[in-house]
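**Student:** So I've got this file, start-v4.txt, and it contains compact mmCIF, C-alpha atoms:
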```
# COMPACT_ATOMS: atom_id res chain seq x y z
CA MET A 1 -19.77 10.79 -13.21
CA ASN A 2 -20.57 7.48 -11.56
CA ILE A 3 -17.49 5.76 -10.11
CA LEU A 4 -16.96 2.23 -8.80
CA LEU A 5 -14.26 1.62 -6.18
CA ILE A 6 -13.06 -1.95 -5.65
CA GLY A 7 -11.86 -2.94 -2.17
CA SER A 8 -12.71 -3.07 1.51
CA GLY A 9 -9.74 -1.85 3.54
CA GLY A 10 -8.44 1.33 5.11
CA ARG A 11 -6.82 2.30 1.81
CA GLU A 12 -10.19 2.10 0.09
CA HIS A 13 -11.90 4.13 2.84
CA ALA A 14 -9.29 6.86 2.33
CA LEU A 15 -9.79 6.72 -1.44
CA ALA A 16 -13.58 6.80 -1.02
CA TRP A 17 -13.26 9.83 1.26
CA ALA A 18 -11.14 11.66 -1.33
CA ILE A 19 -13.18 10.56 -4.37
CA ALA A 20 -16.47 11.55 -2.72
CA LYS A 21 -15.17 15.12 -2.30
CA SER A 22 -14.47 15.54 -6.03
CA PRO A 23 -16.92 17.72 -7.97
CA LEU A 24 -16.51 15.20 -10.80
CA THR A 25 -18.15 12.47 -8.69
CA LYS A 26 -21.90 12.04 -9.09
CA THR A 27 -22.44 8.67 -7.37
CA LEU A 28 -19.70 6.59 -5.78
CA PHE A 29 -20.25 2.86 -5.42
CA CYS A 30 -17.92 0.50 -3.54
CA ALA A 31 -17.62 -3.28 -3.57
CA PRO A 32 -17.40 -4.92 -1.14
CA GLY A 33 -16.70 -1.92 1.14
CA ASN A 34 -16.82 -1.75 4.92
CA ALA A 35 -18.74 0.03 7.67
CA GLY A 36 -16.76 3.26 7.30
CA ILE A 37 -16.89 3.37 3.51
CA ALA A 38 -20.68 3.20 3.78
CA ALA A 39 -20.60 6.85 4.92
CA GLU A 40 -18.98 7.90 1.64
CA ALA A 41 -20.33 5.47 -0.95
CA GLU A 42 -23.19 3.19 -1.83
CA ILE A 43 -22.08 -0.31 -0.84
CA VAL A 44 -22.90 -2.97 -3.42
CA SER A 45 -22.90 -6.73 -3.12
CA LEU A 46 -20.64 -7.71 -5.99
CA ASP A 47 -18.17 -10.55 -6.46
CA VAL A 48 -15.08 -8.58 -7.48
CA ASN A 49 -13.38 -11.82 -8.54
CA ASP A 50 -16.06 -12.25 -11.22
CA ALA A 51 -14.97 -9.82 -13.92
CA GLN A 52 -18.13 -10.29 -15.96
CA ALA A 53 -20.29 -9.46 -12.94
CA VAL A 54 -18.27 -6.25 -12.45
CA ILE A 55 -18.65 -5.39 -16.14
CA ASN A 56 -22.40 -6.01 -15.99
CA PHE A 57 -22.70 -3.73 -12.96
CA CYS A 58 -20.72 -1.00 -14.73
CA ASN A 59 -23.03 -1.18 -17.73
CA LEU A 60 -26.15 -1.15 -15.55
CA GLN A 61 -25.04 1.86 -13.49
CA ALA A 62 -23.31 3.80 -16.30
CA ILE A 63 -19.96 3.66 -14.48
CA LYS A 64 -17.44 5.98 -16.12
CA LEU A 65 -14.42 5.10 -13.96
CA VAL A 66 -13.40 2.03 -11.96
CA VAL A 67 -10.69 2.42 -9.31
CA VAL A 68 -9.12 -0.88 -8.26
CA GLY A 69 -7.75 -0.55 -4.72
CA PRO A 70 -6.05 -3.86 -3.81
CA GLU A 71 -3.35 -5.74 -5.68
CA ALA A 72 -4.92 -9.19 -6.10
CA PRO A 73 -7.60 -8.17 -8.67
CA LEU A 74 -4.95 -6.28 -10.65
CA VAL A 75 -2.59 -9.26 -10.74
CA ALA A 76 -5.57 -11.41 -11.77
CA GLY A 77 -6.26 -9.12 -14.75
CA LEU A 78 -9.44 -7.29 -13.72
CA ALA A 79 -8.24 -4.02 -15.26
CA ASP A 80 -7.58 -5.75 -18.61
CA LYS A 81 -11.08 -7.19 -18.75
CA LEU A 82 -12.74 -3.92 -17.79
CA ARG A 83 -10.80 -1.93 -20.38
CA ALA A 84 -11.56 -4.56 -23.03
CA ALA A 85 -15.25 -4.00 -22.23
CA GLY A 86 -14.85 -0.25 -22.70
CA VAL A 87 -14.76 0.70 -18.99
CA LYS A 88 -12.14 3.29 -18.04
CA THR A 89 -10.05 1.79 -15.22
CA PHE A 90 -7.37 3.15 -12.93
CA GLY A 91 -4.85 0.36 -12.40
CA PRO A 92 -2.27 -1.57 -14.41
CA SER A 93 -2.74 -4.56 -16.67
CA ALA A 94 -1.96 -8.05 -15.39
CA ALA A 95 1.30 -8.00 -17.35
CA ALA A 96 2.36 -4.71 -15.74
CA ALA A 97 1.09 -5.80 -12.31
CA ARG A 98 3.80 -8.50 -12.31
CA LEU A 99 5.95 -5.79 -10.74
CA GLU A 100 4.09 -6.66 -7.54
CA GLY A 101 2.83 -10.13 -8.39
CA SER A 102 6.35 -11.54 -8.83
CA LYS A 103 9.29 -10.19 -6.85
CA GLY A 104 11.60 -12.17 -9.12
CA PHE A 105 10.16 -10.46 -12.20
CA THR A 106 10.89 -7.05 -10.67
CA LYS A 107 14.46 -8.00 -9.75
CA ASP A 108 15.03 -9.26 -13.31
CA ILE A 109 13.73 -5.96 -14.71
CA CYS A 110 16.09 -4.08 -12.40
CA ALA A 111 19.05 -6.20 -13.47
CA LYS A 112 18.25 -5.85 -17.19
CA TYR A 113 17.74 -2.07 -17.11
CA ASN A 114 20.33 -1.09 -14.47
CA ILE A 115 17.82 0.07 -11.85
CA PRO A 116 19.57 0.24 -8.45
CA THR A 117 18.60 -2.63 -6.15
CA GLY A 118 20.26 -5.28 -4.03
CA ALA A 119 21.89 -8.40 -5.44
CA TYR A 120 19.59 -11.42 -5.54
CA GLY A 121 18.89 -14.98 -6.52
CA ARG A 122 15.63 -16.67 -7.68
CA PHE A 123 14.90 -20.25 -6.67
CA SER A 124 12.19 -22.80 -7.41
CA SER A 125 13.62 -25.50 -5.14
CA GLU A 126 14.45 -25.55 -1.45
CA ALA A 127 17.79 -27.26 -2.02
CA ASP A 128 19.03 -24.58 -4.43
CA ALA A 129 17.90 -21.79 -2.11
CA LEU A 130 19.66 -23.34 0.88
CA ALA A 131 22.81 -23.83 -1.19
CA TYR A 132 22.74 -20.10 -2.06
CA LEU A 133 22.39 -19.22 1.62
CA ALA A 134 25.48 -21.30 2.39
CA ASP A 135 27.50 -18.87 0.27
CA HIS A 136 25.62 -15.74 1.36
CA PRO A 137 25.48 -15.48 5.16
CA ALA A 138 23.12 -13.29 7.16
CA PRO A 139 22.03 -10.59 7.31
CA ILE A 140 19.97 -11.40 4.23
CA VAL A 141 16.35 -11.10 3.08
CA VAL A 142 14.15 -14.05 2.08
CA LYS A 143 10.87 -13.45 0.23
CA ALA A 144 8.05 -15.53 -1.17
CA ASP A 145 7.88 -14.56 -4.84
CA GLY A 146 4.13 -13.90 -5.09
CA LEU A 147 1.42 -12.04 -3.21
CA ALA A 148 1.46 -12.82 0.51
CA ALA A 149 -0.43 -9.86 2.01
CA GLY A 150 2.80 -8.26 3.23
CA LYS A 151 3.74 -11.29 5.33
CA GLY A 152 6.01 -13.26 2.99
CA VAL A 153 9.20 -11.35 3.82
CA THR A 154 11.84 -12.34 6.40
CA VAL A 155 14.70 -10.00 7.21
CA ALA A 156 17.04 -12.63 8.60
CA MET A 157 19.72 -11.29 10.93
CA LYS A 158 20.95 -14.84 11.68
CA ASP A 159 21.69 -17.72 9.30
CA GLY A 160 19.19 -20.01 11.01
CA GLU A 161 16.38 -17.49 10.46
CA ALA A 162 17.06 -17.39 6.72
CA GLU A 163 17.10 -21.18 6.43
CA ALA A 164 13.85 -21.45 8.40
CA ALA A 165 12.24 -18.85 6.13
CA VAL A 166 13.22 -20.79 3.01
CA LYS A 167 11.82 -24.00 4.48
CA ASP A 168 8.56 -22.25 5.42
CA ILE A 169 8.14 -20.96 1.87
CA PHE A 170 8.66 -24.33 0.24
CA ALA A 171 6.55 -26.09 2.89
CA GLY A 172 3.59 -24.09 1.62
CA LYS A 173 3.21 -21.50 4.38
CA PHE A 174 2.30 -18.86 1.79
CA GLY A 175 0.46 -21.10 -0.65
CA ALA A 176 0.91 -20.38 -4.34
CA ALA A 177 2.90 -17.24 -3.47
CA GLY A 178 5.72 -19.53 -2.34
CA ALA A 179 6.11 -21.56 -5.53
CA GLU A 180 9.35 -19.63 -5.89
CA CYS A 181 11.47 -17.64 -3.47
CA VAL A 182 13.77 -14.67 -3.90
CA ILE A 183 16.82 -14.15 -1.69
CA GLU A 184 18.16 -10.61 -1.63
CA GLU A 185 21.12 -8.68 -0.32
CA TYR A 186 20.41 -6.92 2.96
CA LEU A 187 20.45 -3.17 2.36
CA ASP A 188 21.47 -0.89 5.20
CA GLY A 189 19.80 2.49 5.48
CA GLU A 190 16.42 4.10 6.12
CA GLU A 191 13.26 2.90 4.36
CA ALA A 192 10.82 5.19 2.60
CA SER A 193 7.77 4.82 0.38
CA PHE A 194 7.69 6.80 -2.86
CA PHE A 195 4.63 7.13 -5.08
CA ALA A 196 4.30 8.21 -8.70
CA LEU A 197 1.32 8.31 -11.05
CA CYS A 198 2.00 6.94 -14.52
CA ASP A 199 0.06 6.89 -17.80
CA GLY A 200 2.55 4.71 -19.69
CA LYS A 201 4.49 7.62 -21.18
CA THR A 202 4.68 10.17 -18.35
CA ALA A 203 5.37 9.69 -14.65
CA VAL A 204 4.48 12.35 -12.07
CA ALA A 205 5.80 12.17 -8.51
CA PHE A 206 2.97 11.64 -6.01
CA GLY A 207 4.31 12.07 -2.53
CA THR A 208 6.29 10.16 0.05
CA ALA A 209 5.58 8.38 3.29
CA GLN A 210 7.29 6.23 5.86
CA ASP A 211 5.52 3.23 7.35
CA HIS A 212 6.10 0.84 10.24
CA LYS A 213 5.98 -2.78 9.10
CA ARG A 214 6.92 -4.52 12.34
CA VAL A 215 4.21 -5.31 14.85
CA GLY A 216 6.20 -4.24 17.90
CA GLU A 217 7.42 -0.89 19.15
CA GLY A 218 10.94 0.03 18.18
CA ASP A 219 10.29 -1.79 14.89
CA THR A 220 10.54 -5.25 16.45
CA GLY A 221 8.67 -8.49 15.89
CA PRO A 222 7.23 -9.99 12.71
CA ASN A 223 6.33 -8.03 9.60
CA THR A 224 2.71 -7.00 9.15
CA GLY A 225 0.70 -5.22 6.48
CA GLY A 226 1.69 -1.99 8.26
CA MET A 227 1.07 -0.65 11.78
CA GLY A 228 1.16 3.06 10.95
CA ALA A 229 2.63 5.69 8.63
CA TYR A 230 3.33 9.36 8.24
CA SER A 231 3.83 11.73 5.31
CA PRO A 232 6.00 13.29 4.05
CA ALA A 233 9.08 11.15 4.75
CA PRO A 234 11.84 13.48 6.04
CA VAL A 235 14.57 11.23 4.60
CA MET A 236 13.25 12.02 1.10
CA THR A 237 15.08 15.28 0.47
CA ASP A 238 14.73 17.15 -2.82
CA GLU A 239 17.83 15.34 -4.07
CA MET A 240 16.37 11.94 -3.14
CA TRP A 241 13.11 12.83 -4.94
CA ARG A 242 15.02 13.71 -8.07
CA ARG A 243 17.27 10.66 -7.95
CA THR A 244 14.33 8.33 -7.29
CA MET A 245 12.48 9.67 -10.33
CA ASP A 246 15.59 9.69 -12.56
CA GLU A 247 17.17 6.42 -11.45
CA ILE A 248 14.19 4.24 -10.51
CA ILE A 249 10.71 5.41 -11.56
CA ILE A 250 11.36 6.73 -15.09
CA PRO A 251 13.69 3.86 -16.05
CA THR A 252 11.05 1.39 -14.85
CA MET A 253 8.34 3.14 -16.87
CA LYS A 254 10.53 2.99 -19.99
CA ALA A 255 11.48 -0.63 -19.28
CA MET A 256 7.86 -1.72 -19.00
CA GLU A 257 7.03 -0.03 -22.31
CA THR A 258 10.02 -1.71 -23.97
CA GLU A 259 8.90 -5.08 -22.54
CA GLY A 260 5.48 -4.63 -24.17
CA CYS A 261 3.56 -4.04 -20.95
CA PRO A 262 3.29 -0.27 -20.45
CA PHE A 263 2.39 0.72 -16.91
CA GLN A 264 -0.70 2.80 -16.14
CA GLY A 265 -1.68 3.48 -12.55
CA VAL A 266 0.39 4.21 -9.46
CA PHE A 267 3.96 3.09 -8.84
CA PHE A 268 4.59 2.44 -5.17
CA ALA A 269 8.33 2.06 -4.76
CA GLY A 270 9.56 0.69 -1.46
CA LEU A 271 13.00 2.28 -1.12
CA MET A 272 16.06 1.94 1.05
CA ILE A 273 17.98 5.20 1.28
CA THR A 274 21.57 3.99 1.51
CA ALA A 275 24.95 5.68 1.50
CA LYS A 276 24.87 5.22 -2.30
CA GLY A 277 21.45 6.81 -2.63
CA PRO A 278 17.98 5.32 -3.21
CA GLN A 279 17.76 1.62 -3.98
CA LEU A 280 14.60 -0.29 -4.80
CA ILE A 281 13.45 -2.89 -2.29
CA GLU A 282 10.26 -3.78 -4.14
CA TYR A 283 7.40 -2.40 -6.19
CA ASN A 284 3.71 -2.37 -5.42
CA VAL A 285 1.24 -1.45 -8.16
CA ARG A 286 -1.41 0.30 -6.05
CA PHE A 287 -1.55 2.80 -3.24
CA GLY A 288 -0.03 1.62 0.02
CA ASP A 289 -2.02 0.70 3.07
CA PRO A 290 -1.67 2.60 5.44
CA GLU A 291 0.34 5.10 3.33
CA CYS A 292 -2.70 6.00 1.24
CA GLN A 293 -4.48 7.28 4.32
CA VAL A 294 -1.83 9.91 5.07
CA LEU A 295 -1.42 10.85 1.41
CA MET A 296 -5.14 11.51 0.98
CA MET A 297 -5.16 13.65 4.14
CA ARG A 298 -2.44 15.88 2.63
CA LEU A 299 -3.51 16.00 -1.03
CA LYS A 300 -4.82 19.39 -2.16
CA ASP A 301 -5.74 18.41 -5.72
CA ASP A 302 -8.71 16.42 -7.00
CA ILE A 303 -7.79 12.72 -6.92
CA VAL A 304 -10.41 11.89 -9.57
CA MET A 305 -8.90 14.43 -11.98
CA LEU A 306 -5.46 12.91 -11.43
CA MET A 307 -6.69 9.35 -11.92
CA LEU A 308 -8.46 10.34 -15.14
CA ALA A 309 -5.24 11.93 -16.42
CA ALA A 310 -3.42 8.65 -15.76
CA CYS A 311 -6.14 6.74 -17.64
CA ASP A 312 -6.26 9.20 -20.56
CA GLY A 313 -2.52 9.68 -21.09
CA THR A 314 -2.56 13.35 -20.08
CA LEU A 315 -0.36 13.36 -16.97
CA ASP A 316 2.04 15.68 -18.79
CA LYS A 317 -0.61 18.38 -18.37
CA VAL A 318 -1.10 18.11 -14.59
CA SER A 319 0.84 18.67 -11.38
CA VAL A 320 0.25 17.49 -7.84
CA ARG A 321 -0.10 19.93 -4.94
CA TRP A 322 0.15 19.11 -1.24
CA ARG A 323 -0.81 20.74 2.02
CA ASP A 324 2.19 21.97 3.99
CA GLU A 325 0.99 19.93 6.97
CA VAL A 326 2.12 16.50 8.11
CA ALA A 327 -0.28 13.55 8.34
CA LEU A 328 0.18 10.53 10.61
CA THR A 329 -1.93 7.38 10.99
CA VAL A 330 -1.97 4.80 13.77
CA VAL A 331 -3.29 1.32 12.96
CA MET A 332 -5.50 -0.27 15.59
CA ALA A 333 -5.44 -4.05 15.16
CA ALA A 334 -7.22 -6.96 16.79
CA GLN A 335 -5.31 -8.78 19.53
CA GLY A 336 -3.24 -11.59 17.99
CA TYR A 337 -2.47 -9.79 14.73
CA PRO A 338 -0.53 -10.63 12.54
CA GLY A 339 -1.53 -14.13 13.63
CA ASP A 340 -5.04 -15.44 14.14
CA VAL A 341 -7.54 -12.93 15.48
CA GLU A 342 -11.04 -13.15 16.91
CA LYS A 343 -13.67 -11.21 14.98
CA GLY A 344 -16.92 -9.69 16.19
CA SER A 345 -15.88 -7.50 19.13
CA GLU A 346 -17.71 -4.17 19.37
CA ILE A 347 -15.92 -0.85 18.88
CA ARG A 348 -17.45 2.11 20.71
CA ASN A 349 -17.07 5.90 20.87
CA LEU A 350 -15.79 6.34 17.32
CA ASP A 351 -17.79 9.51 16.66
CA ALA A 352 -16.41 11.27 19.74
CA ALA A 353 -12.88 10.07 19.01
CA GLY A 354 -13.01 11.54 15.52
CA ALA A 355 -14.75 14.81 16.45
CA ASP A 356 -11.65 16.96 15.91
CA PRO A 357 -11.73 18.24 12.28
CA ALA A 358 -7.99 17.50 12.01
CA VAL A 359 -8.67 13.81 12.76
CA HIS A 360 -10.25 11.20 10.53
CA ILE A 361 -10.79 7.54 11.42
CA PHE A 362 -10.56 5.32 8.36
CA HIS A 363 -12.12 1.89 8.74
CA ALA A 364 -10.23 -1.18 7.56
CA GLY A 365 -11.59 -4.44 8.97
CA THR A 366 -15.03 -3.41 10.22
CA LYS A 367 -18.64 -4.33 9.59
CA ALA A 368 -21.91 -2.79 10.73
CA ASP A 369 -24.41 -4.65 12.89
CA GLY A 370 -27.33 -2.27 13.11
CA ASP A 371 -25.96 0.78 14.93
CA ARG A 372 -22.95 -1.15 16.23
CA ILE A 373 -19.50 -1.28 14.60
CA LEU A 374 -17.77 -4.65 14.89
CA ALA A 375 -14.18 -5.70 14.27
CA ASN A 376 -13.97 -7.90 11.20
CA GLY A 377 -10.28 -8.38 10.47
CA GLY A 378 -6.69 -8.07 11.64
CA ARG A 379 -6.04 -4.40 10.97
CA VAL A 380 -9.29 -2.72 11.93
CA LEU A 381 -8.96 1.09 12.16
CA ASN A 382 -6.59 3.78 10.88
CA VAL A 383 -6.67 6.74 13.27
CA THR A 384 -5.30 9.59 11.18
CA ALA A 385 -4.43 13.20 12.05
CA ARG A 386 -3.06 16.21 10.23
CA ALA A 387 -1.02 18.99 11.86
CA ALA A 388 1.89 21.38 11.40
CA THR A 389 4.48 18.93 12.75
CA VAL A 390 4.84 15.18 13.16
CA SER A 391 4.85 15.59 16.93
CA GLU A 392 1.53 17.45 16.86
CA ALA A 393 -0.05 14.99 14.43
CA GLN A 394 1.16 12.11 16.58
CA GLY A 395 -0.38 13.70 19.67
CA LEU A 396 -3.74 14.23 17.97
CA ALA A 397 -3.81 10.68 16.62
CA TYR A 398 -3.05 9.06 19.99
CA LYS A 399 -5.56 11.31 21.75
CA ALA A 400 -8.19 9.90 19.37
CA VAL A 401 -6.92 6.35 19.87
CA ASP A 402 -7.29 6.73 23.62
CA ALA A 403 -10.88 7.91 23.20
CA ILE A 404 -11.88 4.73 21.33
CA ASP A 405 -13.47 2.08 23.52
CA TRP A 406 -12.19 -1.24 22.17
CA PRO A 407 -10.49 -3.45 24.79
CA GLN A 408 -9.88 -6.20 22.21
CA GLY A 409 -7.67 -3.93 20.09
CA PHE A 410 -4.08 -2.75 20.32
CA CYS A 411 -1.67 -0.41 18.56
CA ARG A 412 1.95 0.63 18.56
CA ARG A 413 2.59 3.74 20.64
CA ASP A 414 5.64 4.98 18.72
CA ILE A 415 4.39 5.67 15.19
CA GLY A 416 6.49 8.44 13.68
CA TRP A 417 9.37 8.03 16.10
CA ARG A 418 12.10 8.70 13.53
CA ALA A 419 10.50 11.95 12.38
CA VAL A 420 9.75 13.04 15.97
CA ALA A 421 13.42 12.47 16.83
CA ARG A 422 14.44 14.65 13.88
CA GLU A 423 12.10 17.41 15.05
CA THR A 424 13.44 17.18 18.59
CA LYS A 425 16.98 17.65 17.33
```
Will you turn the file into structure tokens for me?
**Tutor:**
Amino acid sequence: MNILLIGSGGREHALAWAIAKSPLTKTLFCAPGNAGIAAEAEIVSLDVNDAQAVINFCNLQAIKLVVVGPEAPLVAGLADKLRAAGVKTFGPSAAAARLEGSKGFTKDICAKYNIPTGAYGRFSSEADALAYLADHPAPIVVKADGLAAGKGVTVAMKDGEAEAAVKDIFAGKFGAAGAECVIEEYLDGEEASFFALCDGKTAVAFGTAQDHKRVGEGDTGPNTGGMGAYSPAPVMTDEMWRRTMDEIIIPTMKAMETEGCPFQGVFFAGLMITAKGPQLIEYNVRFGDPECQVLMMRLKDDIVMLMLAACDGTLDKVSVRWRDEVALTVVMAAQGYPGDVEKGSEIRNLDAAGADPAVHIFHAGTKADGDRILANGGRVLNVTARAATVSEAQGLAYKAVDAIDWPQGFCRRDIGWRAVARETK
């Protein structure tokens, strides 16, 4: 079948890589794509914010499945419009995508349906938010309610940090995403990412990962879109898997159906594993980035078959199988990230760096200029390796990083440190 993939980041390169391997795939198109995705798919010039243009392309190319990678088109309702036009689409409706599009909406769902999460308050004015902080001292978490590309969250360890975060939100630092803010209880524990495919009636667990949000080593500095990840997450024991499905994923699926907005696509639950068990930090409604990269490296089954089952309501008839190996990815970013970055620097020696069959370099913010590959964003490359242990995967990934000739880039040198420490013990 002909498939259209929407997106241009490292997540989409990993999805393109997996989709292209499926025997169900005849021709894979991607819009807008990047320099790495061009090796797996036919790149098309298409305004993905123009739903009618996407529909017209699907009709012209006999597209049988659209896979929407990033969150913004889902929150904007692209999946609704495609399905209304008769195009099978992997991704939730706009109503269901509110689980990511509004952090306050998700917290309200949790409160109404007794899904474990931290205590919270929702505020549409700076004065009310600051008054709440006066009664709830740090440590505390302040979030812009809407989509902020992973940068609208402040984990405030001091009262002054929380107040500054509130003022930034209402001063417009995050645009429309900051029309409202959510202030949450600080949860103590270890974070993990949990994924589940859902067709509205059935949810199937789809792997775990652990990512590194902070820009600096030792998990210091400001939050980013993610500086690296590994899978599986050791903290997610069999008991934590079961409790996450029973206490968080399945109740959310049932809640969304009860609310009249059944969820179809992938649940990405950001969890804190506390002394009480798993608690929900937030939901995303698409694969994580860079978690998707490590999941696709470990997946044994056909991703297209699984996506079709989610679209067709047949997830009760499938299971998900994984390689026994570990996968780890290191994000190479442009100097200055997560702040302003300079685009256009050349990246050399990628082919040699990725020559090991256990290594794959997924492109995120790149573009081609003839035979040259240029940096074209903040997070630029995802250097990903698969091996028997986290330590071995980490070693392979950093060996490939060191072979890449890109003086204008940087990365953290401690991705996977928690899991390596566990292995050392």
**Student:** Tell me, as a short mmCIF file (atom, residue, chain, number, x, y, z; two decimals) with C-alpha atoms, in the coordinates of the input, which residues lie within 12 Å of stretch 211-218 of chain A, counting all atoms listed in the file; anything in the same chain fewer than 4 positions away does not count.
**Tutor:**
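Listed below is the output, selection21.cif:
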```cif
data_model
loop_
_atom_site.label_atom_id
_atom_site.label_comp_id
_atom_site.auth_asym_id
_atom_site.auth_seq_id
_atom_site.Cartn_x
_atom_site.Cartn_y
_atom_site.Cartn_z
CA ALA A 149 -0.43 -9.86 2.01
CA GLY A 150 2.80 -8.26 3.23
CA LYS A 151 3.74 -11.29 5.33
CA VAL A 153 9.20 -11.35 3.82
CA THR A 154 11.84 -12.34 6.40
CA VAL A 155 14.70 -10.00 7.21
CA GLU A 190 16.42 4.10 6.12
CA GLU A 191 13.26 2.90 4.36
CA ALA A 192 10.82 5.19 2.60
CA SER A 193 7.77 4.82 0.38
CA PHE A 194 7.69 6.80 -2.86
CA PRO A 222 7.23 -9.99 12.71
CA ASN A 223 6.33 -8.03 9.60
CA THR A 224 2.71 -7.00 9.15
CA GLY A 225 0.70 -5.22 6.48
CA GLY A 226 1.69 -1.99 8.26
CA MET A 227 1.07 -0.65 11.78
CA GLY A 228 1.16 3.06 10.95
CA ALA A 229 2.63 5.69 8.63
CA TYR A 230 3.33 9.36 8.24
CA SER A 231 3.83 11.73 5.31
CA PRO A 232 6.00 13.29 4.05
CA ALA A 233 9.08 11.15 4.75
CA GLY A 270 9.56 0.69 -1.46
CA LEU A 271 13.00 2.28 -1.12
CA GLY A 288 -0.03 1.62 0.02
CA ASP A 289 -2.02 0.70 3.07
CA PRO A 290 -1.67 2.60 5.44
CA GLU A 291 0.34 5.10 3.33
CA CYS A 292 -2.70 6.00 1.24
CA GLN A 293 -4.48 7.28 4.32
CA VAL A 294 -1.83 9.91 5.07
CA LEU A 295 -1.42 10.85 1.41
CA ALA A 327 -0.28 13.55 8.34
CA LEU A 328 0.18 10.53 10.61
CA THR A 329 -1.93 7.38 10.99
CA VAL A 330 -1.97 4.80 13.77
CA VAL A 331 -3.29 1.32 12.96
CA MET A 332 -5.50 -0.27 15.59
CA ALA A 333 -5.44 -4.05 15.16
CA ALA A 334 -7.22 -6.96 16.79
CA GLN A 335 -5.31 -8.78 19.53
CA GLY A 336 -3.24 -11.59 17.99
CA TYR A 337 -2.47 -9.79 14.73
CA PRO A 338 -0.53 -10.63 12.54
CA GLY A 339 -1.53 -14.13 13.63
CA GLY A 378 -6.69 -8.07 11.64
CA ARG A 379 -6.04 -4.40 10.97
CA PHE A 410 -4.08 -2.75 20.32
CA CYS A 411 -1.67 -0.41 18.56
CA ARG A 412 1.95 0.63 18.56
CA ARG A 413 2.59 3.74 20.64
CA ASP A 414 5.64 4.98 18.72
CA ILE A 415 4.39 5.67 15.19
CA GLY A 416 6.49 8.44 13.68
CA TRP A 417 9.37 8.03 16.10
CA ARG A 418 12.10 8.70 13.53
CA ALA A 419 10.50 11.95 12.38
#
```
**Student:** List the residues sitting within 10 Å of (5.1, 5.1, -18.1) in the file's frame, using all atoms listed in the file, as a PDB file with C-alpha atoms, keeping the file's coordinate frame.
**Tutor:**
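Generated output (selection.pdb):
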```
ATOM      1  CA  ALA A 196       4.300   8.210  -8.700  1.00  0.00           C
ATOM      2  CA  LEU A 197       1.320   8.310 -11.050  1.00  0.00           C
ATOM      3  CA  CYS A 198       2.000   6.940 -14.520  1.00  0.00           C
ATOM      4  CA  ASP A 199       0.060   6.890 -17.800  1.00  0.00           C
ATOM      5  CA  GLY A 200       2.550   4.710 -19.690  1.00  0.00           C
ATOM      6  CA  LYS A 201       4.490   7.620 -21.180  1.00  0.00           C
ATOM      7  CA  THR A 202       4.680  10.170 -18.350  1.00  0.00           C
ATOM      8  CA  ALA A 203       5.370   9.690 -14.650  1.00  0.00           C
ATOM      9  CA  VAL A 204       4.480  12.350 -12.070  1.00  0.00           C
ATOM     10  CA  ILE A 249      10.710   5.410 -11.560  1.00  0.00           C
ATOM     11  CA  ILE A 250      11.360   6.730 -15.090  1.00  0.00           C
ATOM     12  CA  PRO A 251      13.690   3.860 -16.050  1.00  0.00           C
ATOM     13  CA  THR A 252      11.050   1.390 -14.850  1.00  0.00           C
ATOM     14  CA  MET A 253       8.340   3.140 -16.870  1.00  0.00           C
ATOM     15  CA  LYS A 254      10.530   2.990 -19.990  1.00  0.00           C
ATOM     16  CA  ALA A 255      11.480  -0.630 -19.280  1.00  0.00           C
ATOM     17  CA  MET A 256       7.860  -1.720 -19.000  1.00  0.00           C
ATOM     18  CA  GLU A 257       7.030  -0.030 -22.310  1.00  0.00           C
ATOM     19  CA  CYS A 261       3.560  -4.040 -20.950  1.00  0.00           C
ATOM     20  CA  PRO A 262       3.290  -0.270 -20.450  1.00  0.00           C
ATOM     21  CA  PHE A 263       2.390   0.720 -16.910  1.00  0.00           C
ATOM     22  CA  GLN A 264      -0.700   2.800 -16.140  1.00  0.00           C
ATOM     23  CA  GLY A 265      -1.680   3.480 -12.550  1.00  0.00           C
ATOM     24  CA  VAL A 266       0.390   4.210  -9.460  1.00  0.00           C
ATOM     25  CA  PHE A 267       3.960   3.090  -8.840  1.00  0.00           C
ATOM     26  CA  ALA A 310      -3.420   8.650 -15.760  1.00  0.00           C
ATOM     27  CA  GLY A 313      -2.520   9.680 -21.090  1.00  0.00           C
ATOM     28  CA  LEU A 315      -0.360  13.360 -16.970  1.00  0.00           C
TER      29      LEU A 315
END
```
**Student:** Mind pulling up the distance from atom CA of A:Phe105 to atom CA of A:Tyr283?
**Tutor:**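 Answer for the atom CA of A:Tyr283 to atom CA of A:Phe105 separation: 10.4 Å.
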**Student:** Taking only C-alpha atoms into account, which of A:Val320, A:Ala111, A:Ile3, A:Val380 comes nearest A:Lys64?
**Tutor:**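 Residue with the minimum atom-to-atom distance to A:Lys64: A:Ile3.
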**Student:** Go through A:Val390, A:Ala397, A:Leu99, A:Ala364 one by one, measure the shortest atom-to-atom distance of each to A:Glu71 using all atoms listed in the file, and give the residue with the smallest value.
**Tutor:**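 Of A:Val390, A:Ala397, A:Leu99, A:Ala364, the one nearest A:Glu71, counting all atoms listed in the file, is A:Leu99.
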**Student:** Which is closer to A:Asp356 than all the others in A:Cys311, A:Ala403, A:Gly189, A:Glu342, using all atoms listed in the file?
**Tutor:**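 Checking each of A:Cys311, A:Ala403, A:Gly189, A:Glu342 against A:Asp356, counting all atoms listed in the file, the winner is A:Ala403.
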**Student:** So how many Å separate atom CA of A:Ala165 and atom CA of A:Gly152, to one decimal?
**Tutor:**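 That distance, rounded to one decimal, is 8.9 Å.
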**Student:** Would you mind telling me which residue in A:Lys167, A:Lys173, A:Lys158, A:Arg422 lies nearest to A:Tyr186 when using only C-alpha atoms?
**Tutor:**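 When distances to A:Tyr186 are compared using only C-alpha atoms, the smallest one comes from A:Lys158.
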